[in-house]
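K.L.:
Submitted below is the structure of interest, expressed as structure tokens.
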Amino acid sequence: MEDSSTKTREEIGNQMYIVDLRSDVSKADSLEDALSDTEGIWESIYERMDSSEVLWVVLNNEYRDGQCWPAPMAFADYIREVAAFDLKNTITVHLFDDAVEHSGLTPSYCEILLLVRDKREYQFHKDRIRIEHVYKGKEWGGERNEGNSAYHDTKVTRYNEDGRDPGNVWLREIRDETSDQSVDRAEPISLTEAIERCILVGSNEDEKVVTYGIDEEVETAISNHERRIRHLEFGENGVIIND
């Protein structure tokens, strides 16, 4: 086990961070307690991050006594108050399964916050998670491969050859129920699959993924993508990394 503050950039190498706080928030007596329990952590992570590295924070709303704790947005605000992170994006992953009976209010989705140190240089390989286009070859008036650019007066290709941006709400599209391969319906992806996407866009093979609060299934996914796992712990003076 090592205190990250003793390591130089050359010794640490490039890393990506995944912090899953859902369990911690569920154990807290209040949202304010959940926030204060991470005091010193975000500054410590920020100081050890390179400008190209990214931090993902997994949270969902918590429901207590008929009230909602908006944990994702509360942490997004708190993290930016105590450290100089930029909130670059928020990913929504639906979790609700209508085949399961729930008692009371239960979170139906997770939010994954994408926080960066430098919004101009952070690592984000979107082409690795692009998905199939919805309307390619099915436009009104026939197939159109070119269109007018929104940024300059020129014709541009309407469809990226690697697929389309998956957007901020990550779902699985079902296309095999009709003959024309249209999107027939969509269903949730698992949180593990969502975190796999985070791994693919935020890191490269042989790089380190520093984790907190994730389960064995996610650790297996990280290893399967040829990344090296390091475990993060909350110490009195910031974060501690365990190889």
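Labels used: A, B, ... for chains in the order of the structure tokens, numbers from 1 for residues in each chain, and numbers from 1 for ligands as shown.
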Quick one: everything within 12 Å of Asp24 in chain A, counting only C-alpha atoms, minus sequence neighbours fewer than 4 positions away in the same chain. Send it as number ranges by chain.

P.N.:
A: 19-20, 28-31, 33-38, 58-60, 62, 71, 212-214, 234

K.L.:
Determine, counting only C-alpha atoms, which protein, DNA and RNA residues have an atom within 8 Å of an atom of range 47-53 of chain A; residues of the same chain fewer than 3 positions away are not included. Present the result as a VMD selection string.

P.N.:
chain A and resid 4 to 5 9 14 to 16 43 to 44 116 to 118 121 to 123 202

K.L.:
Keeping only C-alpha atoms, write the selected residues to a file as an mmCIF file, in the first residue's frame.

P.N.:
data_model
loop_
_atom_site.group_PDB
_atom_site.id
_atom_site.type_symbol
_atom_site.label_atom_id
_atom_site.label_comp_id
_atom_site.auth_asym_id
_atom_site.auth_seq_id
_atom_site.Cartn_x
_atom_site.Cartn_y
_atom_site.Cartn_z
ATOM 1 C CA SER A 4 0.025 8.553 -3.770
ATOM 2 C CA SER A 5 1.603 11.848 -2.737
ATOM 3 C CA ARG A 9 4.327 11.392 -12.582
ATOM 4 C CA ASN A 14 -1.224 7.338 -17.094
ATOM 5 C CA GLN A 15 -4.329 6.332 -15.124
ATOM 6 C CA MET A 16 -8.106 6.517 -15.169
ATOM 7 C CA GLU A 43 -8.450 17.488 -3.894
ATOM 8 C CA SER A 44 -6.065 14.554 -3.468
ATOM 9 C CA VAL A 116 -11.694 16.173 -15.946
ATOM 10 C CA ARG A 117 -8.765 18.295 -14.924
ATOM 11 C CA ASP A 118 -8.362 19.949 -18.324
ATOM 12 C CA GLU A 121 -6.727 17.752 -23.194
ATOM 13 C CA TYR A 122 -8.589 14.925 -21.470
ATOM 14 C CA GLN A 123 -8.505 11.421 -22.949
ATOM 15 C CA GLY A 202 -11.028 6.903 -20.947
#

K.L.:
Which one of A:Leu171, A:Asn89, A:Thr106, A:Ile41 sits closest to Cys68 in chain A if you count only C-alpha atoms?

P.N.:
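Residue with the minimum atom-to-atom distance to Cys68 in chain A: A:Thr106.
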
K.L.:
Mind giving me the straight-line distance from CA of Arg120 in chain A to CA of Val54 in chain A in Å, one decimal?

P.N.:
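Separation between CA of Arg120 in chain A and CA of Val54 in chain A: 11.9 Å.
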
K.L.:
Identify which of the residues A:Pro107, A:Gly167, A:Pro188, A:Gly235 lies closest to Ser26 in chain A, counting only C-alpha atoms when measuring atom-to-atom distances.

P.N.:
A:Pro107

K.L.:
Report the residues of range 20-59 of chain A whose backbone DSSP state falls under helix (DSSP H, G or I), written as a list in words.

P.N.:
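Residues meeting the helix (DSSP H, G or I) criterion: Arg22, Ser23, Asp24, Val25, Ser26, Lys27, Leu31, Glu32, Asp33, Ala34, Leu35, Ser36, Ile41, Trp42, Glu43, Ser44, Ile45, Tyr46, Glu47 and Arg48 of chain A.
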
K.L.:
Any chance you could export the current selection's N, CA and C atoms as a compact mmCIF listing (two decimals), in the first residue's frame?

P.N.:
# COMPACT_ATOMS: atom_id res chain seq x y z
N ARG A 22 -22.18 4.56 -4.50
CA ARG A 22 -23.57 4.21 -4.20
C ARG A 22 -23.71 3.56 -2.82
N SER A 23 -22.83 2.63 -2.50
CA SER A 23 -22.91 1.96 -1.21
C SER A 23 -22.63 2.93 -0.07
N ASP A 24 -21.64 3.80 -0.24
CA ASP A 24 -21.30 4.77 0.80
C ASP A 24 -22.47 5.71 1.09
N VAL A 25 -23.12 6.18 0.02
CA VAL A 25 -24.25 7.09 0.21
C VAL A 25 -25.40 6.37 0.91
N SER A 26 -25.64 5.11 0.55
CA SER A 26 -26.76 4.37 1.15
C SER A 26 -26.55 4.13 2.64
N LYS A 27 -25.30 4.14 3.10
CA LYS A 27 -25.00 3.91 4.51
C LYS A 27 -24.99 5.20 5.33
N LEU A 31 -27.48 13.18 3.34
CA LEU A 31 -26.70 13.52 2.16
C LEU A 31 -25.51 14.39 2.54
N GLU A 32 -25.71 15.27 3.51
CA GLU A 32 -24.61 16.13 3.98
C GLU A 32 -23.49 15.29 4.56
N ASP A 33 -23.84 14.24 5.31
CA ASP A 33 -22.82 13.35 5.87
C ASP A 33 -22.08 12.61 4.76
N ALA A 34 -22.82 12.18 3.74
CA ALA A 34 -22.19 11.47 2.63
C ALA A 34 -21.16 12.37 1.93
N LEU A 35 -21.51 13.63 1.76
CA LEU A 35 -20.58 14.57 1.13
C LEU A 35 -19.35 14.80 2.01
N SER A 36 -19.58 15.05 3.29
CA SER A 36 -18.46 15.37 4.18
C SER A 36 -17.55 14.17 4.41
N ILE A 41 -10.73 14.03 -0.30
CA ILE A 41 -10.50 13.00 -1.32
C ILE A 41 -10.36 13.61 -2.71
N TRP A 42 -11.27 14.50 -3.06
CA TRP A 42 -11.29 15.02 -4.43
C TRP A 42 -10.08 15.91 -4.71
N GLU A 43 -9.65 16.68 -3.71
CA GLU A 43 -8.45 17.49 -3.89
C GLU A 43 -7.24 16.59 -4.12
N SER A 44 -7.19 15.48 -3.36
CA SER A 44 -6.07 14.55 -3.47
C SER A 44 -6.02 13.89 -4.84
N ILE A 45 -7.18 13.46 -5.34
CA ILE A 45 -7.24 12.86 -6.67
C ILE A 45 -6.84 13.89 -7.73
N TYR A 46 -7.37 15.09 -7.59
CA TYR A 46 -7.08 16.14 -8.57
C TYR A 46 -5.58 16.41 -8.66
N GLU A 47 -4.93 16.50 -7.51
CA GLU A 47 -3.51 16.84 -7.49
C GLU A 47 -2.64 15.76 -8.12
N ARG A 48 -3.09 14.52 -8.07
CA ARG A 48 -2.26 13.45 -8.62
C ARG A 48 -2.61 13.13 -10.08

K.L.:
Between CA of Ile131 in chain A and CA of Thr154 in chain A, what distance in Å does the model show, to one decimal?

P.N.:
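Computing it gives 25.7 Å between the two atoms.
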
K.L.:
Considering only C-alpha atoms, can you say which of A:Met73, A:Val239, A:Ile195, A:Leu200 comes closest to Glu219 in chain A?

P.N.:
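Of A:Met73, A:Val239, A:Ile195, A:Leu200, the one nearest Glu219 in chain A is A:Ile195, counting only C-alpha atoms.
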
K.L.:
Could you state the separation of CA of Ala186 in chain A and CA of His125 in chain A in Å, given to one decimal place?

P.N.:
24.1 Å

K.L.:
Env of Arg228 in chain A: 8 Å cut, atoms = only C-alpha atoms, seq-sep filter 4 positions within chain, self excluded. Answer as an MDAnalysis selection string.

P.N.:
chainID A and resid 206:209 222:223

K.L.:
Next, dump the selected residues to file, keeping only C-alpha atoms, as a PDB file, in the first residue's frame.

P.N.:
ATOM      1  CA  ASP A 206      -1.782  -1.516 -20.392  1.00  0.00           C
ATOM      2  CA  GLU A 207      -2.794   1.670 -18.588  1.00  0.00           C
ATOM      3  CA  LYS A 208      -3.939   1.624 -14.974  1.00  0.00           C
ATOM      4  CA  VAL A 209      -7.543   1.928 -13.817  1.00  0.00           C
ATOM      5  CA  ILE A 222     -11.284  -4.169 -16.591  1.00  0.00           C
ATOM      6  CA  SER A 223      -8.808  -7.052 -16.791  1.00  0.00           C
TER       7      SER A 223
END

K.L.:
So that I can check the surroundings of Asn168 in chain A, please list as number ranges by chain every protein, DNA and RNA residue that reaches within 7 Å of it, counting only C-alpha atoms and ignoring chain neighbours fewer than 4 positions away.

P.N.:
A: 90-92

K.L.:
Counting only C-alpha atoms, figure out which residue out of A:Arg197, A:Asp215, A:Glu187, A:Glu111 gets nearest to Asp127 in chain A.

P.N.:
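Of A:Arg197, A:Asp215, A:Glu187, A:Glu111, the one nearest Asp127 in chain A, counting only C-alpha atoms, is A:Arg197.
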
K.L.:
For Lys119 in chain A, which of A:Phe85, A:Trp69, A:Phe75, A:Trp56 is the closest residue, counting only C-alpha atoms?

P.N.:
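Residue with the minimum atom-to-atom distance to Lys119 in chain A: A:Phe85.
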
K.L.:
Between A:Cys198, A:Val218, A:Ile229, A:Val57, single out the one closest to Leu115 in chain A, counting only C-alpha atoms.

P.N.:
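Answer, going by the shortest atom-to-atom distance: A:Val57.
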